[in-house]
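Participant: Below: one structure in structure tokens.
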Amino acid sequence: MTPGRAIQWVRWVYGVLIAAFLILPSLIVIPMAFSTSMFLQFPPPGYSVDYFQKFFADPEWTSALGRSLAVAFCSAAVSVPLGVMASWALVRHRRKYSGLVESVIVLPMMVPVVIFGFGLYLATLRWNFPSGLTTVVLAHAAMSLPFVVLTISAALETFDFSLVNAARAHGAGPLRSFSAVVAPLIAPAVGAGLLIALMTSFDEAVVATFLAGDTEPTLPVKMFASITYDLNPLVPVAATILTALTLVLLIASAVLVRLARTRNVPSGVDREELVPHV
């Protein structure tokens with residue numbers, strides 16, 4: 001075996017081991033959600049969907065799930081438009097201090113989430129800002145904004161801005177040229193950013209615990225409280241629902257990111273055909 005081949009095998013084995021370490025704990029939880037036992041045990045002694053029926057019949061759990069969905073969509077509705085505008089400004093109108101602005105935007109990615117949540121909690125106390133789901137929405141929007149900006153900026157880096165200039169030359173205004181020329185080409189990246197924002201918010205528990213706590217718990221917060229105070233057999237059901245939703249969002253975002261990277265202007269096509277005539 002050649003050295004290059006050996007290194008390739010080592011990388012492959014190492015990648016499989018890392019993936020197994022990250023994925024297997026989630027996969028173990030799924031069979032427990034269908035267990036017939038009232039205790040958290042693996043492997044389950046039998047299989048049933050009774051706990052799923054109890055989960056959706058329990059108003060506390062369904063309310064927590066509803067709050068998680070509401071917070072995720074509201075935070076995405078805040079972070080995605082801001083991310084589009086920030087990405088456009090950073091890539092299209094790069095200035096001397098653009099690097100500093102980028103560093104500030106990605107700061108929530110680098111700060112430990114416990115410190116970020118605790119800092120927000122102290123800030124709400126210091127300035128008498130009411131804590132609750134509204135604050136959680138704003139916090140999750142700030143946490144997901146870096147991912148949105150990085151995803152959309154990557155698409156804009158390969159965008160041909162001469163198309164925008166051509167649209168302006170044909171009489172299109174700034175808004176018209178953006179919506180008709182830029183938006184369709186970066187739509188996959190925007191969609192991927194939206195899905196990543198949803199995933200970031202939906203799985204977050206630490207900041208939501210600091211800002212909403214037990215009064216308005218999201219699903220991850222409800223799960224943590226149930227594990228802390230009693231071994232509730234509905235926790236694996238909630239974990240399975242979170243895992244399924246996260247997996248769907250992850251696959252969809254990966255597809256959109258790939259589409260955004262490969263979506264280019266076809267060769268041999270007249271660029272003026274891609275420009276709106278107004």
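Identifiers for the structure tokens are assigned positionally: chains receive A, B, ... in sequence, residues are indexed from 1 per chain, and ligands are indexed from 1 in the order shown.
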As a ChimeraX atom specification, please: every residue in region 54-250 of chain A that DSSP puts in alpha helix (DSSP H).
Facilitator: /A:54-57,59-92,98-105,107-110,113-126,133-157,162-169,174-177,183-202,206-211,219-229,235-250
Participant: Using only C-alpha atoms, determine which residues lie at most 8 Å from Ile186 (chain A), disregarding the query and same-chain residues fewer than 4 positions distant; provide the list as a ChimeraX atom specification.
Facilitator: /A:152,155-156,182,190,260
Participant: Take the selection from the previous step and output its residues with N, CA, C and O atoms, as a JSON list (two decimals), in the first residue's frame.
Facilitator:
[["chain", "number", "residue", "atom", "x", "y", "z"],
["A", 152, "ILE", "N", -24.76, 33.45, 2.76],
["A", 152, "ILE", "CA", -25.14, 34.32, 1.66],
["A", 152, "ILE", "C", -23.92, 35.03, 1.08],
["A", 152, "ILE", "O", -23.83, 35.22, -0.14],
["A", 155, "ALA", "N", -22.21, 32.98, -1.50],
["A", 155, "ALA", "CA", -22.88, 33.01, -2.81],
["A", 155, "ALA", "C", -22.60, 34.33, -3.53],
["A", 155, "ALA", "O", -22.39, 34.34, -4.76],
["A", 156, "LEU", "N", -22.57, 35.41, -2.81],
["A", 156, "LEU", "CA", -22.33, 36.71, -3.43],
["A", 156, "LEU", "C", -20.89, 36.88, -3.89],
["A", 156, "LEU", "O", -20.61, 37.67, -4.80],
["A", 182, "VAL", "N", -30.49, 39.77, -8.75],
["A", 182, "VAL", "CA", -29.70, 39.17, -7.69],
["A", 182, "VAL", "C", -30.48, 38.10, -6.93],
["A", 182, "VAL", "O", -29.98, 36.98, -6.72],
["A", 190, "VAL", "N", -29.99, 31.96, 0.29],
["A", 190, "VAL", "CA", -30.90, 32.56, 1.27],
["A", 190, "VAL", "C", -31.75, 31.46, 1.93],
["A", 190, "VAL", "O", -31.96, 31.46, 3.14],
["A", 260, "ALA", "N", -26.53, 26.47, -4.41],
["A", 260, "ALA", "CA", -26.04, 27.85, -4.48],
["A", 260, "ALA", "C", -24.63, 27.91, -5.04],
["A", 260, "ALA", "O", -24.27, 28.85, -5.74]]
Participant: With a distance cut-off of 8 Å and only C-alpha atoms, select the neighbouring residues of Ala252 (chain A), excluding the residue or stretch itself and same-chain residues fewer than 3 positions from it, and output the selection as a PyMOL selection string.
Facilitator: chain A and resi 192+195+248-249+255-256
Participant: Looking at A:Phe73, A:Trp61, A:Phe147, A:Trp127, which one is nearest to Ser87 (chain A), with distances taken over only C-alpha atoms?
Facilitator: A:Phe147
Participant: Out of A:Leu107, A:Ala154, A:Val207, A:Ala166, which residue has the shortest atom-to-atom distance to Thr135 (chain A) when counting only C-alpha atoms?
Facilitator: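 Among A:Leu107, A:Ala154, A:Val207, A:Ala166, it is A:Val207 that comes nearest to Thr135 (chain A).
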Participant: So, counting only C-alpha atoms, which residue among A:Phe52, A:Phe129, A:Tyr47, A:Phe118 is closest to Leu234 (chain A)?
Facilitator: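 Nearest candidate to Leu234 (chain A) out of A:Phe52, A:Phe129, A:Tyr47, A:Phe118: A:Phe52.
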Participant: Find, counting only C-alpha atoms, the residue in A:Gly119, A:Pro188, A:Pro31, A:Pro217 that gets nearest to Val237 (chain A).
Facilitator: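 Comparing A:Gly119, A:Pro188, A:Pro31, A:Pro217 against Val237 (chain A), the winner is A:Pro31.
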Participant: So what do you get for CA of Ala208 (chain A) versus CA of Val80 (chain A), distance-wise?
Facilitator: 20.1 Å
Participant: Can you work out which one of A:Ser48, A:Gly117, A:Ala57, A:Val149 has the shortest atom-to-atom distance to Val101 (chain A), counting only C-alpha atoms?
Facilitator: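 For Val101 (chain A), the nearest of the candidates is A:Val149.
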Participant: Between A:Gly15, A:Ile251, A:Gly191, A:Thr134, single out the one closest to Ser75 (chain A), counting only C-alpha atoms.
Facilitator: A:Thr134
Participant: Show which residues sit within 8 Å of Pro146 (chain A), as a PDB file with C-alpha atoms, in the first residue's frame. Count only C-alpha atoms, and ignore same-chain residues fewer than 2 positions away.
Facilitator:
ATOM      1  CA  GLY A  83     -28.247  38.738   6.904  1.00  0.00           C
ATOM      2  CA  ILE A 105     -21.120  39.912  13.103  1.00  0.00           C
ATOM      3  CA  VAL A 106     -19.504  36.509  13.678  1.00  0.00           C
ATOM      4  CA  LEU A 107     -18.767  37.280  17.341  1.00  0.00           C
ATOM      5  CA  PRO A 108     -21.757  35.244  18.643  1.00  0.00           C
ATOM      6  CA  MET A 109     -20.165  32.163  17.027  1.00  0.00           C
ATOM      7  CA  ALA A 142     -28.203  37.292  16.918  1.00  0.00           C
ATOM      8  CA  MET A 143     -26.880  33.731  17.275  1.00  0.00           C
ATOM      9  CA  SER A 144     -28.047  32.645  13.824  1.00  0.00           C
ATOM     10  CA  VAL A 148     -26.825  33.463   7.540  1.00  0.00           C
ATOM     11  CA  VAL A 149     -24.220  36.086   6.619  1.00  0.00           C
ATOM     12  CA  LEU A 150     -21.506  33.512   5.910  1.00  0.00           C
TER      13      LEU A 150
END
Participant: Which neighbours of Met199 (chain A) fall inside 10 Å, counting only C-alpha atoms, when residues of the same chain fewer than 2 positions from it are skipped, and could you give them as a PyMOL selection string?
Facilitator: chain A and resi 72-73+76+144+193-197+201-204+242+245-250+253
